[in-house]
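Peer 1: The structure file upload.txt (compact mmCIF, C-alpha atoms) is provided below.
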# COMPACT_ATOMS: atom_id res chain seq x y z
CA MET A 1 74.79 -206.87 -68.35
CA THR A 2 71.89 -208.74 -66.73
CA GLN A 3 68.67 -208.58 -68.70
CA ALA A 4 65.52 -207.62 -66.86
CA LYS A 5 62.96 -210.39 -66.51
CA PRO A 6 59.94 -209.93 -68.78
CA PRO A 7 56.75 -209.07 -66.90
CA ARG A 8 54.57 -212.05 -66.08
CA ARG A 9 51.12 -212.02 -67.65
CA ALA A 10 48.26 -212.99 -65.36
CA LEU A 11 44.84 -213.95 -66.67
CA PHE A 12 42.67 -211.92 -64.26
CA ILE A 13 39.19 -213.37 -63.65
CA ILE A 14 36.79 -211.85 -61.10
CA ASN A 15 33.41 -213.45 -60.52
CA PRO A 16 31.00 -210.51 -60.11
CA ASN A 17 28.41 -212.86 -58.61
CA ALA A 18 30.65 -213.89 -55.72
CA ARG A 19 29.63 -212.48 -52.36
CA SER A 20 32.40 -209.85 -52.44
CA GLY A 21 32.82 -209.85 -56.21
CA ARG A 22 31.50 -206.33 -56.69
CA LYS A 23 33.66 -204.67 -54.07
CA PRO A 24 36.32 -202.25 -55.38
CA ILE A 25 39.37 -204.16 -56.57
CA ASP A 26 41.52 -201.20 -57.62
CA PRO A 27 43.89 -201.58 -54.62
CA ILE A 28 44.35 -205.25 -55.53
CA ARG A 29 45.03 -204.43 -59.18
CA LYS A 30 47.52 -201.74 -58.21
CA ALA A 31 49.37 -204.08 -55.85
CA LEU A 32 49.64 -206.81 -58.47
CA GLU A 33 50.76 -204.44 -61.23
CA THR A 34 53.24 -202.68 -58.98
CA GLY A 35 54.61 -206.12 -58.13
CA GLY A 36 55.41 -206.76 -61.79
CA LEU A 37 52.33 -208.49 -63.16
CA THR A 38 50.60 -207.54 -66.38
CA LEU A 39 46.91 -208.24 -65.85
CA VAL A 40 44.96 -209.69 -68.76
CA ASP A 41 41.29 -209.03 -67.98
CA ALA A 42 38.89 -211.60 -69.35
CA SER A 43 35.52 -213.17 -68.67
CA PRO A 44 33.80 -216.18 -70.24
CA ASP A 45 31.87 -215.66 -73.46
CA LYS A 46 28.26 -216.77 -73.71
CA ASP A 47 27.99 -220.55 -73.12
CA GLU A 48 31.67 -220.65 -72.15
CA SER A 49 32.88 -221.91 -68.77
CA ILE A 50 35.80 -220.53 -66.77
CA SER A 51 37.77 -223.64 -67.75
CA ASP A 52 36.98 -222.94 -71.41
CA LEU A 53 38.26 -219.39 -70.95
CA ILE A 54 41.51 -220.61 -69.40
CA ARG A 55 42.06 -223.03 -72.28
CA ARG A 56 41.37 -220.28 -74.83
CA MET A 57 43.74 -217.79 -73.16
CA GLN A 58 46.53 -220.16 -72.13
CA ASP A 59 49.03 -218.80 -74.68
CA ALA A 60 48.39 -215.21 -73.59
CA CYS A 61 49.27 -215.69 -69.91
CA ASP A 62 51.77 -217.23 -67.51
CA LEU A 63 49.42 -217.69 -64.53
CA VAL A 64 45.76 -217.37 -63.63
CA ILE A 65 44.37 -215.19 -60.83
CA ILE A 66 40.78 -215.92 -59.82
CA GLY A 67 38.67 -213.79 -57.51
CA GLY A 68 35.67 -215.68 -56.18
CA GLY A 69 34.59 -218.47 -53.90
CA ASP A 70 34.89 -222.23 -53.93
CA GLY A 71 32.31 -222.63 -56.70
CA THR A 72 34.28 -220.28 -58.96
CA LEU A 73 37.48 -222.21 -58.33
CA ASN A 74 35.70 -225.49 -59.01
CA ALA A 75 34.58 -224.16 -62.40
CA ALA A 76 38.23 -223.43 -63.25
CA ALA A 77 39.70 -226.75 -62.08
CA ALA A 78 39.61 -228.65 -65.37
CA GLY A 79 41.17 -225.75 -67.28
CA LEU A 80 43.95 -225.38 -64.74
CA VAL A 81 44.76 -229.10 -64.84
CA GLU A 82 44.80 -229.24 -68.64
CA THR A 83 46.91 -226.12 -69.17
CA GLY A 84 49.25 -226.51 -66.20
CA LEU A 85 49.01 -222.78 -65.43
CA PRO A 86 49.62 -221.87 -61.76
CA LEU A 87 46.73 -220.39 -59.78
CA GLY A 88 46.52 -217.32 -57.58
CA VAL A 89 43.41 -217.09 -55.38
CA LEU A 90 41.63 -213.94 -54.23
CA PRO A 91 39.07 -215.06 -51.59
CA LEU A 92 35.89 -213.20 -52.56
CA GLY A 93 33.29 -215.89 -51.87
CA THR A 94 30.96 -216.76 -49.02
CA ALA A 95 32.98 -219.41 -47.21
CA ASN A 96 36.37 -219.46 -49.00
CA ASP A 97 37.08 -222.93 -47.62
CA PHE A 98 39.88 -223.77 -50.05
CA ALA A 99 41.64 -220.50 -49.27
CA ARG A 100 41.52 -221.40 -45.57
CA THR A 101 42.78 -224.91 -46.25
CA ILE A 102 45.93 -223.68 -48.02
CA GLY A 103 46.61 -220.93 -45.48
CA LEU A 104 45.61 -217.82 -47.42
CA PRO A 105 44.69 -214.71 -45.40
CA PRO A 106 40.97 -213.84 -45.58
CA VAL A 107 41.73 -210.28 -46.77
CA PRO A 108 41.95 -210.33 -50.61
CA LEU A 109 44.67 -207.66 -50.72
CA LYS A 110 46.88 -209.76 -48.42
CA ALA A 111 46.18 -212.80 -50.59
CA ALA A 112 47.23 -210.78 -53.64
CA GLU A 113 50.53 -209.92 -51.98
CA LEU A 114 51.18 -213.65 -51.45
CA ILE A 115 50.87 -214.23 -55.19
CA LEU A 116 53.83 -211.88 -55.60
CA SER A 117 55.93 -213.23 -52.75
CA THR A 118 55.49 -217.02 -52.91
CA GLU A 119 56.23 -219.77 -55.39
CA PRO A 120 53.35 -221.99 -56.55
CA ARG A 121 53.23 -225.33 -54.76
CA PRO A 122 51.57 -228.57 -55.90
CA ILE A 123 48.07 -229.24 -54.61
CA ASP A 124 45.93 -232.37 -54.88
CA LEU A 125 42.40 -232.44 -56.25
CA GLY A 126 39.62 -234.93 -55.68
CA GLU A 127 37.70 -236.42 -58.58
CA VAL A 128 34.26 -238.06 -58.69
CA ASN A 129 32.89 -239.48 -61.94
CA GLY A 130 35.27 -237.22 -63.85
CA ASN A 131 34.29 -234.06 -61.91
CA LEU A 132 37.13 -232.37 -60.03
CA PHE A 133 36.79 -230.84 -56.57
CA PHE A 134 39.03 -228.83 -54.25
CA ASN A 135 37.38 -229.41 -50.88
CA VAL A 136 34.72 -232.06 -50.29
CA ALA A 137 32.17 -234.06 -52.24
CA SER A 138 29.08 -235.26 -50.34
CA ILE A 139 25.99 -237.41 -50.77
CA GLY A 140 22.91 -236.99 -48.59
CA PHE A 141 22.31 -234.08 -46.24
CA SER A 142 25.02 -231.82 -47.69
CA ALA A 143 23.74 -232.36 -51.23
CA GLU A 144 20.24 -231.44 -50.09
CA LEU A 145 21.71 -228.32 -48.47
CA ALA A 146 23.45 -227.36 -51.72
CA ALA A 147 20.17 -227.71 -53.61
CA GLU A 148 18.30 -225.53 -51.11
CA LEU A 149 20.91 -222.81 -50.54
CA THR A 150 20.37 -220.30 -53.33
CA GLU A 151 22.93 -217.77 -54.52
CA LYS A 152 20.60 -215.04 -53.25
CA ALA A 153 20.59 -216.53 -49.76
CA LYS A 154 24.39 -216.91 -49.72
CA LYS A 155 24.94 -213.30 -50.77
CA ARG A 156 22.39 -211.98 -48.25
CA TRP A 157 23.22 -214.10 -45.22
CA GLY A 158 26.79 -215.31 -45.83
CA LYS A 159 27.83 -218.22 -43.60
CA LEU A 160 24.64 -217.73 -41.55
CA GLY A 161 22.72 -218.86 -44.63
CA TYR A 162 24.21 -222.36 -44.28
CA ALA A 163 22.92 -222.60 -40.70
CA ILE A 164 19.44 -221.29 -41.52
CA VAL A 165 18.85 -223.75 -44.35
CA ALA A 166 20.55 -226.63 -42.51
CA ALA A 167 18.27 -226.26 -39.48
CA ARG A 168 15.20 -226.48 -41.71
CA LEU A 169 16.51 -229.57 -43.51
CA LEU A 170 17.51 -231.39 -40.33
CA ALA A 171 13.90 -231.72 -39.21
CA ARG A 172 13.01 -233.81 -42.25
CA SER A 173 16.27 -235.69 -42.89
CA ARG A 174 16.16 -239.49 -43.15
CA LEU A 175 18.86 -242.17 -43.29
CA PHE A 176 19.54 -243.92 -46.59
CA THR A 177 21.38 -247.12 -47.52
CA ALA A 178 24.71 -246.93 -49.29
CA TYR A 179 27.25 -249.52 -50.41
CA VAL A 180 30.86 -248.43 -49.90
CA GLU A 181 33.65 -250.17 -51.84
CA HIS A 182 37.25 -249.38 -50.86
CA ASP A 183 40.58 -251.10 -50.39
CA GLY A 184 39.23 -254.53 -51.31
CA SER A 185 36.14 -254.45 -49.07
CA VAL A 186 32.42 -253.65 -49.44
CA GLU A 187 30.41 -252.20 -46.55
CA THR A 188 26.65 -251.67 -46.35
CA ILE A 189 25.77 -248.61 -44.28
CA ARG A 190 22.75 -246.60 -43.17
CA THR A 191 23.74 -242.96 -43.17
CA MET A 192 22.55 -239.36 -43.18
CA GLN A 193 25.57 -238.13 -45.14
CA VAL A 194 28.65 -239.52 -46.81
CA SER A 195 31.53 -237.11 -47.44
CA VAL A 196 34.83 -237.56 -49.25
CA GLY A 197 37.36 -234.79 -48.67
CA ASN A 198 40.49 -233.66 -50.46
CA GLY A 199 41.24 -230.58 -48.36
CA ARG A 200 40.46 -229.69 -44.76
CA HIS A 201 37.65 -227.11 -44.69
CA TYR A 202 34.22 -227.14 -46.31
CA GLY A 203 30.63 -226.03 -45.83
CA GLY A 204 31.35 -222.62 -44.35
CA GLY A 205 33.33 -223.70 -41.30
CA MET A 206 33.26 -227.49 -41.09
CA THR A 207 36.44 -229.61 -41.09
CA VAL A 208 36.61 -232.94 -42.88
CA GLU A 209 39.49 -234.23 -40.74
CA GLU A 210 41.68 -232.33 -38.30
CA THR A 211 45.03 -233.32 -39.86
CA ALA A 212 43.97 -233.20 -43.53
CA THR A 213 45.84 -231.03 -46.00
CA ALA A 214 45.33 -230.45 -49.71
CA ASP A 215 48.67 -232.03 -50.56
CA ASP A 216 48.74 -235.22 -48.47
CA GLY A 217 47.88 -237.60 -51.33
CA ARG A 218 44.79 -239.02 -49.66
CA LEU A 219 41.03 -238.78 -49.49
CA ASP A 220 39.32 -238.54 -46.10
CA PHE A 221 36.00 -240.42 -45.96
CA TYR A 222 33.37 -240.11 -43.28
CA SER A 223 29.76 -241.24 -42.87
CA LEU A 224 27.28 -239.76 -40.37
CA GLU A 225 25.33 -242.79 -39.15
CA VAL A 226 23.17 -241.04 -36.56
CA ASP A 227 19.61 -242.16 -35.74
CA HIS A 228 18.15 -238.79 -34.78
CA TRP A 229 18.75 -235.22 -35.89
CA TRP A 230 19.37 -234.10 -32.30
CA ARG A 231 22.32 -236.49 -32.17
CA LEU A 232 23.85 -234.51 -35.01
CA LEU A 233 23.64 -231.37 -32.89
CA GLY A 234 25.91 -233.03 -30.35
CA LEU A 235 28.36 -233.81 -33.14
CA LEU A 236 28.56 -230.22 -34.40
CA PRO A 237 31.56 -229.14 -32.28
CA SER A 238 33.51 -232.17 -33.49
CA LEU A 239 32.45 -231.57 -37.10
CA ARG A 240 33.86 -228.07 -36.87
CA LYS A 241 37.15 -229.32 -35.40
CA GLY A 242 37.45 -232.39 -37.63
CA THR A 243 37.47 -234.85 -34.71
CA HIS A 244 34.10 -236.50 -35.49
CA GLY A 245 35.85 -239.69 -36.64
CA ARG A 246 36.34 -240.58 -32.97
CA TRP A 247 32.57 -240.95 -32.41
CA ASP A 248 30.94 -244.40 -32.47
CA ASP A 249 28.25 -243.36 -34.96
CA VAL A 250 30.71 -241.84 -37.44
CA ARG A 251 32.55 -244.16 -39.84
CA ALA A 252 35.85 -242.64 -40.99
CA PHE A 253 38.88 -243.81 -42.95
CA GLN A 254 41.55 -242.60 -45.36
CA THR A 255 42.02 -243.97 -48.87
CA THR A 256 42.94 -243.05 -52.43
CA GLN A 257 39.85 -244.49 -54.14
CA VAL A 258 36.30 -245.28 -53.02
CA THR A 259 33.05 -246.13 -54.82
CA ILE A 260 29.63 -245.34 -53.34
CA LYS A 261 26.48 -246.96 -54.70
CA THR A 262 22.86 -246.37 -53.68
CA SER A 263 19.62 -248.19 -54.54
CA LYS A 264 18.42 -245.17 -56.51
CA PRO A 265 20.55 -242.36 -57.98
CA ARG A 266 21.42 -239.63 -55.49
CA PRO A 267 23.01 -236.26 -56.34
CA VAL A 268 26.64 -235.56 -55.44
CA ASN A 269 27.64 -232.14 -54.14
CA THR A 270 31.15 -231.04 -55.16
CA ASP A 271 32.39 -227.77 -53.63
CA GLY A 272 28.82 -226.54 -53.15
CA ASP A 273 27.34 -227.49 -56.54
CA LEU A 274 25.46 -230.62 -57.65
CA THR A 275 27.55 -232.07 -60.49
CA THR A 276 26.93 -235.82 -60.75
CA TRP A 277 24.95 -238.78 -59.35
CA THR A 278 25.56 -242.12 -57.71
CA PRO A 279 27.07 -244.57 -58.38
CA ALA A 280 30.02 -242.35 -57.57
CA HIS A 281 33.66 -243.33 -58.02
CA PHE A 282 36.11 -241.11 -56.13
CA ARG A 283 39.87 -240.92 -56.57
CA ILE A 284 42.69 -238.61 -55.56
CA ARG A 285 44.51 -236.61 -58.24
CA GLU A 286 47.89 -236.03 -56.60
CA LYS A 287 49.71 -232.79 -57.39
CA ALA A 288 47.09 -231.94 -60.01
CA ILE A 289 47.60 -228.15 -59.97
CA ARG A 290 50.00 -225.52 -58.60
CA VAL A 291 48.76 -222.74 -56.32
CA PHE A 292 50.47 -219.64 -54.90
CA ALA A 293 50.27 -220.31 -51.17
CA PRO A 294 52.52 -220.45 -48.12
CA ALA A 295 53.98 -223.82 -47.19
CA ILE A 296 52.04 -225.37 -44.30
CA PRO A 297 53.57 -228.22 -42.26
CA ALA A 298 51.42 -231.36 -42.25
CA GLY A 299 48.90 -231.37 -39.42
CA THR A 300 49.19 -227.64 -38.82
CA ALA A 301 45.83 -225.86 -38.78
CA SER A 302 45.41 -223.14 -41.37
CA VAL A 303 44.13 -219.68 -40.56
Take the structure in the file and give it back as structure tokens.
Peer 2:
Amino acid sequence: MTQAKPPRRALFIINPNARSGRKPIDPIRKALETGGLTLVDASPDKDESISDLIRRMQDACDLVIIGGGDGTLNAAAAGLVETGLPLGVLPLGTANDFARTIGLPPVPLKAAELILSTEPRPIDLGEVNGNLFFNVASIGFSAELAAELTEKAKKRWGKLGYAIVAARLLARSRLFTAYVEHDGSVETIRTMQVSVGNGRHYGGGMTVEETATADDGRLDFYSLEVDHWWRLLGLLPSLRKGTHGRWDDVRAFQTTQVTIKTSKPRPVNTDGDLTTWTPAHFRIREKAIRVFAPAIPAGTASV
């Protein structure tokens, strides 16, 4: 007689501060429980991070389901790497760039169904100065945008909030000098923004490189070396498609490690939050975590 498989226990974490974090989740819970999961509800204690929570609860669960945006996932990255627990994602944030990169549907209930129907697959993470990131880490304009874009603005305006704040910052943006070390060479550049991507999407609709995936074992670097803010406006369509590397005033390459130094410390934006400063050493962490997601052929655009 074949024994029934024991129910899988899922640590169930919903960020109530995510843009859609307070919407009713009963249909999602019902779908997951009907599909055979036992949900273990938990939230971080005072002064405890999401990664701390995952470490504390690792023996009480077989997987982790997180409802939130890219910032919520970023806060869980270290705990997921250290425990080895597979991750299920419910896209409840403002941009949900990582969810788009790995091909998850934008509807949380559909994403929940994928947790039940797919096997977790290995996904790379980026790392800068010991801080992990799913999507992109940036220095310059994007870091200034992260500092200006408040949680209140993101919840009120959604993706439009990025455009509103970005337009205001563009008018006062200035180039800065950076020293880029990679693959045995050192380059001195004047740039508005340096970005290092692990996945494909970031910033509420931008694309770091059109063929990038989150499991290709590489980092995608680009530098916006434009003289005037209006030149950046001409680049916007390419930035959305990920084809900006073809422009003369955009420096782009692929690597597994890169170090960026500046004359004075500059903040580094990882997945929408400022987490460290230059000098910044980036590296790829291949197959760092496992995520429930459909298999996507290399170079195929996600939804």
Peer 1: Select, from A:Ala178, A:Val258, A:Leu132, A:Val250, the residue with the minimum atom-to-atom distance to Thr276 in chain A, counting only C-alpha atoms.
Peer 2: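 The answer is A:Leu132, which sits nearest to Thr276 in chain A.
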Peer 1: Counting only C-alpha atoms, figure out which residue out of A:Gly245, A:Leu92, A:Leu80, A:Ile13 gets nearest to Arg290 in chain A.
Peer 2: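 The answer is A:Leu80, which sits nearest to Arg290 in chain A.
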Peer 1: Report as a Markdown table the residues of range 43-111 of chain A within 6 Å of range 181-204 of chain A, each with its shortest atom pair and distance in Å (one decimal), using all atoms listed in the file, ordered by chain and increasing residue number.
Peer 2:
| residue | atom | partner | partner_atom | distance |
| --- | --- | --- | --- | --- |
| A:Ala95 | CA | A:Gly204 | CA | 4.6 |
| A:Asp97 | CA | A:His201 | CA | 5.1 |
| A:Thr101 | CA | A:Arg200 | CA | 5.5 |
Peer 1: Could you tell me which of A:Phe176, A:Pro279, A:Phe133, A:Ala10 comes closest to Val40 in chain A if we count all atoms listed in the file?
Peer 2: A:Ala10
Peer 1: Can you list every residue of range 58-126 of chain A that has an atom at most 9 Å from range 211-219 of chain A, with its nearest atom pair and the distance in Å to one decimal, using all atoms listed in the file, ordered by chain then number, as a Markdown table?
Peer 2:
| residue | atom | partner | partner_atom | distance |
| --- | --- | --- | --- | --- |
| A:Phe98 | CA | A:Ala214 | CA | 8.6 |
| A:Thr101 | CA | A:Thr213 | CA | 6.8 |
| A:Ile102 | CA | A:Ala214 | CA | 7.0 |
| A:Pro122 | CA | A:Asp215 | CA | 7.0 |
| A:Ile123 | CA | A:Asp215 | CA | 5.0 |
| A:Asp124 | CA | A:Asp215 | CA | 5.1 |
| A:Leu125 | CA | A:Ala214 | CA | 7.4 |
| A:Gly126 | CA | A:Leu219 | CA | 7.4 |
Peer 1: So how many Å separate CA of Ala111 in chain A and CA of Gly67 in chain A, to one decimal?
Peer 2: 10.3 Å
Peer 1: Report, in Å with one decimal, the straight-line distance from CA of Met206 in chain A to CA of Ile65 in chain A.
Peer 2: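 According to the coordinates, CA of Met206 in chain A and CA of Ile65 in chain A are separated by 25.8 Å.
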